[in-house]
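Reproduced below: protein_29.txt, with compact mmCIF, C-alpha atoms.
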```
# COMPACT_ATOMS: atom_id res chain seq x y z
CA LEU W 269 38.97 -88.85 62.27
CA VAL W 270 41.73 -87.39 60.05
CA PRO W 271 44.66 -89.39 61.55
CA PHE W 272 42.64 -92.65 61.43
CA PHE W 273 41.75 -91.99 57.81
CA ALA W 274 45.39 -91.28 56.90
CA PHE W 275 46.55 -94.45 58.67
CA PHE W 276 44.21 -96.75 56.76
CA MET W 277 44.92 -94.98 53.46
CA LEU W 278 48.65 -95.63 53.81
CA ALA W 279 48.45 -99.07 55.48
CA GLY W 280 47.52 -101.07 52.40
CA ASP W 281 50.45 -103.48 52.85
CA ILE W 282 49.72 -104.34 56.47
CA VAL W 283 45.95 -103.97 56.96
CA PRO W 284 43.49 -106.04 54.89
CA TYR W 285 40.88 -103.94 53.04
CA SER W 286 42.54 -100.76 54.35
CA TYR W 287 41.11 -98.61 51.52
CA LEU W 288 37.62 -99.82 52.40
CA TRP W 289 38.10 -98.79 56.03
CA ALA W 290 39.46 -95.43 54.89
CA ALA W 291 36.40 -94.94 52.67
CA VAL W 292 34.08 -95.74 55.59
CA ILE W 293 35.88 -93.25 57.85
CA PHE W 294 35.71 -90.56 55.16
CA ALA W 295 31.98 -91.21 54.72
CA VAL W 296 31.38 -90.98 58.48
CA ALA W 297 33.34 -87.71 58.63
CA SER W 298 31.32 -86.25 55.75
CA ILE W 299 27.96 -87.32 57.18
CA THR W 300 28.68 -86.01 60.68
CA ASP W 301 30.00 -82.77 59.19
CA THR W 302 26.62 -82.25 57.54
CA ALA W 303 24.70 -83.36 60.64
CA ASP W 304 26.43 -81.08 63.16
CA GLY W 305 25.60 -77.98 61.10
CA LYS W 306 21.93 -78.93 60.89
CA ILE W 307 21.80 -79.70 64.63
CA ALA W 308 23.44 -76.38 65.48
CA ARG W 309 20.97 -74.42 63.34
CA LYS W 310 17.89 -76.35 64.50
CA TYR W 311 18.64 -75.94 68.22
CA ASN W 312 20.11 -72.44 67.94
CA MET W 313 23.59 -73.62 68.97
CA VAL W 314 25.51 -71.80 66.22
CA SER W 315 28.65 -70.16 67.63
CA ASP W 316 31.55 -68.09 66.30
CA ILE W 317 33.92 -70.90 67.35
CA GLY W 318 31.89 -73.38 65.33
CA LYS W 319 31.94 -71.08 62.31
CA VAL W 320 35.75 -71.11 62.46
CA PHE W 321 36.56 -74.70 63.45
CA ASP W 322 33.94 -76.45 61.31
CA PRO W 323 35.45 -75.26 58.00
CA LEU W 324 38.94 -75.83 59.46
CA ALA W 325 38.07 -79.49 60.01
CA ASP W 326 36.86 -79.66 56.40
CA LYS W 327 40.17 -78.23 55.19
CA LEU W 328 42.20 -80.74 57.20
CA MET W 329 40.16 -83.67 55.92
CA HIS W 330 40.27 -82.58 52.28
CA VAL W 331 44.00 -81.81 52.24
CA SER W 332 44.96 -84.97 54.13
CA SER W 333 42.76 -87.20 51.95
CA ILE W 334 44.11 -85.74 48.72
CA LEU W 335 47.69 -85.96 50.04
CA CYS W 336 47.21 -89.65 50.82
CA LEU W 337 45.71 -90.28 47.38
CA VAL W 338 48.67 -88.53 45.75
CA ILE W 339 51.11 -90.64 47.78
CA ILE W 340 49.52 -93.89 46.59
CA ASN W 341 49.42 -92.57 42.98
CA TYR W 342 45.63 -92.49 42.79
CA MET W 343 45.52 -88.74 42.14
CA PRO W 344 47.83 -86.28 40.31
CA TRP W 345 49.81 -83.78 42.36
CA TYR W 346 48.27 -80.65 40.80
CA PHE W 347 44.94 -81.29 42.57
CA LEU W 348 46.81 -81.22 45.89
CA VAL W 349 48.57 -77.97 44.97
CA LEU W 350 45.33 -76.23 43.97
CA ILE W 351 43.44 -77.27 47.10
CA ALA W 352 46.40 -76.67 49.44
CA VAL W 353 47.05 -73.15 48.10
CA LYS W 354 43.37 -72.27 48.40
CA GLU W 355 43.12 -73.59 51.96
CA LEU W 356 46.42 -71.98 52.99
CA LEU W 357 45.18 -68.59 51.85
CA MET W 358 41.94 -69.08 53.80
CA ILE W 359 43.93 -69.96 56.94
CA CYS W 360 46.18 -66.91 56.48
CA PHE W 361 43.12 -64.63 56.31
CA SER W 362 41.58 -66.02 59.51
CA PRO W 363 43.83 -64.32 62.14
CA MET W 364 43.33 -60.93 60.50
CA LEU W 365 39.56 -61.34 60.67
CA LEU W 366 39.48 -62.86 64.16
CA LYS W 367 41.57 -59.97 65.50
CA ARG W 368 38.80 -57.62 64.41
CA LYS W 369 35.99 -60.00 65.47
CA ILE W 370 34.86 -60.35 61.86
CA VAL W 371 33.20 -63.69 61.18
CA ILE W 372 32.42 -64.61 57.58
CA GLN W 373 30.21 -67.64 57.17
CA ALA W 374 30.97 -70.20 54.48
CA VAL W 375 29.75 -69.00 51.09
CA PHE W 376 27.34 -71.18 49.12
CA ALA W 377 29.89 -71.76 46.36
CA GLY W 378 32.30 -73.06 48.98
CA LYS W 379 29.75 -75.57 50.26
CA ILE W 380 29.11 -76.81 46.72
CA ALA W 381 32.86 -77.05 46.07
CA SER W 382 33.35 -78.99 49.30
CA ALA W 383 30.58 -81.44 48.36
CA VAL W 384 31.98 -81.96 44.84
CA ILE W 385 35.53 -82.47 46.16
CA SER W 386 34.22 -84.97 48.71
CA GLY W 387 32.46 -86.81 45.90
CA GLY W 388 35.65 -86.77 43.84
CA VAL W 389 37.66 -88.18 46.75
CA VAL W 390 35.13 -91.02 47.22
CA LEU W 391 35.26 -91.83 43.50
CA THR W 392 39.07 -91.85 43.63
CA PHE W 393 38.93 -94.79 46.04
CA PHE W 394 37.80 -96.72 42.95
CA HIS W 395 40.35 -95.09 40.63
CA ALA W 396 41.82 -98.40 39.42
CA LEU W 397 38.39 -99.62 38.33
CA LEU W 398 37.45 -96.30 36.76
CA VAL W 399 40.67 -96.18 34.74
CA LYS W 400 40.00 -99.70 33.51
CA TRP W 401 36.33 -99.35 32.63
CA TRP W 402 35.42 -95.65 32.38
CA THR W 403 38.16 -93.46 30.91
CA PHE W 404 37.57 -90.34 28.85
CA GLY W 405 39.58 -89.08 25.90
CA THR W 406 40.21 -85.74 27.61
CA THR W 407 43.81 -85.31 28.73
CA VAL W 408 45.50 -82.89 31.11
CA GLN W 409 49.27 -82.60 30.63
CA GLY W 410 49.15 -85.78 28.60
CA ILE W 411 47.31 -87.71 31.32
CA GLN W 412 44.07 -89.42 30.38
CA MET W 413 41.28 -88.26 32.66
CA SER W 414 38.99 -90.70 34.45
CA LEU W 415 35.62 -89.82 35.98
CA ASP W 416 37.03 -89.27 39.49
CA TRP W 417 39.66 -86.84 38.24
CA ILE W 418 37.12 -84.90 36.17
CA VAL W 419 34.92 -84.51 39.27
CA MET W 420 37.97 -83.37 41.26
CA LEU W 421 38.85 -80.85 38.54
CA ILE W 422 35.32 -79.41 38.70
CA GLY W 423 35.61 -79.25 42.50
CA CYS W 424 38.93 -77.39 42.26
CA VAL W 425 37.46 -74.82 39.84
CA LEU W 426 34.51 -74.27 42.20
CA ALA W 427 36.91 -73.98 45.16
CA ILE W 428 38.91 -71.24 43.41
CA TYR W 429 35.66 -69.43 42.59
CA ALA W 430 34.61 -69.71 46.25
CA LEU W 431 38.00 -68.29 47.30
CA VAL W 432 37.53 -65.25 45.05
CA THR W 433 34.00 -64.77 46.42
CA TYR W 434 35.32 -65.03 49.99
CA ILE W 435 38.05 -62.46 49.30
CA VAL W 436 35.49 -60.01 47.89
CA ILE W 437 33.30 -60.39 51.00
CA MET W 438 36.34 -60.09 53.26
CA LEU W 439 37.47 -56.84 51.61
CA LYS W 440 33.95 -55.39 52.02
CA GLU W 441 33.90 -56.35 55.72
CA LEU W 442 37.37 -54.87 56.28
CA LYS W 443 36.32 -51.67 54.54
CA LYS W 444 33.23 -51.48 56.75
CA PHE W 445 35.40 -52.12 59.82
CA ASP W 446 37.78 -49.29 58.89
CA ALA W 447 34.84 -46.92 58.42
CA ASP W 448 33.38 -47.88 61.83
CA PHE W 449 36.81 -47.53 63.46
CA LYS W 450 37.32 -44.04 62.04
CA ALA W 451 33.80 -43.09 63.14
CA GLY W 452 34.56 -44.27 66.69
CA LYS W 453 31.96 -47.03 66.60
CA VAL W 454 34.48 -49.85 67.27
CA ASP W 455 37.95 -50.13 68.73
CA LYS W 456 40.87 -51.86 66.97
CA PHE W 457 39.75 -55.22 68.42
CA GLY W 458 36.22 -54.95 66.99
CA ASN W 459 34.46 -54.12 70.28
CA ARG W 460 31.41 -51.94 69.72
CA LEU W 461 32.01 -48.56 71.35
CA ASP W 462 28.59 -47.17 70.48
CA GLU W 463 26.92 -49.95 72.50
CA VAL W 464 29.16 -49.17 75.47
CA THR W 465 28.20 -45.52 75.19
CA GLU W 466 24.50 -46.34 75.15
CA ASP W 467 24.92 -48.57 78.21
CA ALA W 468 26.77 -45.79 80.01
CA LYS W 469 23.99 -43.33 79.21
CA SER W 470 21.31 -45.69 80.47
CA GLU W 471 23.04 -46.35 83.81
CA PRO W 472 22.25 -42.93 85.38
CA VAL W 473 18.60 -43.24 84.26
CA ALA W 474 18.34 -46.70 85.82
CA GLN W 475 20.02 -45.45 89.01
CA ASP W 476 17.61 -42.49 89.26
CA ALA W 477 14.64 -44.82 88.85
CA GLU W 478 16.01 -47.11 91.55
CA ASN W 479 16.55 -44.19 93.97
CA GLU W 480 13.06 -42.88 93.30
CA SER W 481 11.60 -46.33 93.99
CA ALA W 482 13.58 -46.61 97.21
CA THR W 483 12.40 -43.15 98.33
CA LYS W 484 8.75 -44.09 97.78
```

Output the structure of this file as structure tokens.
Amino acid sequence: LVPFFAFFMLAGDIVPYSYLWAAVIFAVASITDTADGKIARKYNMVSDIGKVFDPLADKLMHVSSILCLVIINYMPWYFLVLIAVKELLMICFSPMLLKRKIVIQAVFAGKIASAVISGGVVLTFFHALLVKWWTFGTTVQGIQMSLDWIVMLIGCVLAIYALVTYIVIMLKELKKFDADFKAGKVDKFGNRLDEVTEDAKSEPVAQDAENESATK
């Protein structure tokens, strides 16, 4: 849905009610994002691939939506920089973790930040009205803040907090991996060597039992 959303966001001069269509697409993306997680958990269909690609889809939608809003002057550029830097760091960490088969599920703070940012993006669709009717005296770099921008600012703060939390968890997992690697429990790709050893030990026992059964 990301390319369709971006098209309608930037097609205001050629498509009637383009912002409305973009808002509908964003709402559908947000609702289905929530639904697929609940379906996966309810029917035990959670997978490592889903744990990686689901948040990746969130990142693409958030960054693209904020970029479009910056282009049409509905949102200041510093929101884009904050979110983009945070998401870029998360993407840079992923290969290092995947190489070691370390999967870190989304932290609760990240889910809250994602929900707040989504709410801020939806409010920004009505930025012109909010600026006209509901503007606060608070300013950032001399810019008067409207309700949508205040919500976005809160979302950005929560996103940075989630990033710090994620980094702390990641460092703990990497430390645990290094300890297991030195102890010979895993190889450099994260494969459990102790499980392989146990399977190897059990094979002769199973073979003996099979031979004994065949003899009887």

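Neighbouring residues of segment 355-368 of chain W at 9 Å or closer, counting only C-alpha atoms and skipping chain neighbours under 5 positions away, are W:Val320, W:Leu324, W:Lys327, W:Leu328, W:Val331, W:Leu350, W:Leu431, W:Tyr434, W:Ile435, W:Met438, W:Leu442, W:Phe445, W:Asp455, W:Lys456, W:Phe457, W:Gly458, W:Asn459.
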
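For Ser382 of chain W, the set of protein, DNA and RNA residues having any atom at most 9 Å away, when counting all atoms listed in the file and skipping those fewer than 6 positions along the same chain, is Asp326, His330, Gly423, Leu426 and Ala427 of chain W.
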
Please return as number ranges by chain every residue within 10 Å of (29.5, -74.5, 64.7), taking into account only C-alpha atoms and the file's own coordinates.
W: 301, 304-309, 313-323

Segment 287-299 of chain W surroundings by all atoms listed in the file, 10 Å radius, close-in-sequence under 3 positions cut, as a ChimeraX atom specification
/W:269-270,272-280,283-284,302-304,325-326,329-330,333,382-383,386-387,389-394

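Among the candidate residues W:Val349, W:Met413, W:Ile422, W:Pro271, the one lying nearest to Ser332 of chain W is W:Pro271, with distances computed using all atoms listed in the file.
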
Once 4 Å is added on each side, what are the centre and the three edge lengths, in Å to one decimal, of the axis-aligned box enclosing the listed atoms of segment 416-434 of chain W? Present them as JSON.
```
{"center_x": 36.8, "center_y": -77.0, "center_z": 43.1, "size_x": 13.7, "size_y": 32.5, "size_z": 21.8}
```

Between atom CA of Ala381 of chain W and atom CA of Thr433 of chain W lies a distance of 12.3 Å

Considering all atoms listed in the file, can you say which of W:Ile370, W:Ile339, W:Val399, W:Leu461 comes closest to Lys444 of chain W?
W:Ile370

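Distance-wise, atom CA of Ile334 of chain W and atom CA of Ile418 of chain W end up 14.4 Å apart.
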
Could you check how far atom CA of Trp417 of chain W sits from atom CA of Gly388 of chain W, in Å to one decimal?
6.9 Å

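Proximity to Met420 of chain W was assessed for W:Ala396, W:Ala352, W:Phe347, W:Asp446 counting all atoms listed in the file; the smallest distance is recorded for W:Phe347.
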
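Distances from W:Thr300, W:Val375, W:Leu348, W:Trp401 to Val436 of chain W were compared using all atoms listed in the file, and the smallest one belongs to W:Val375.
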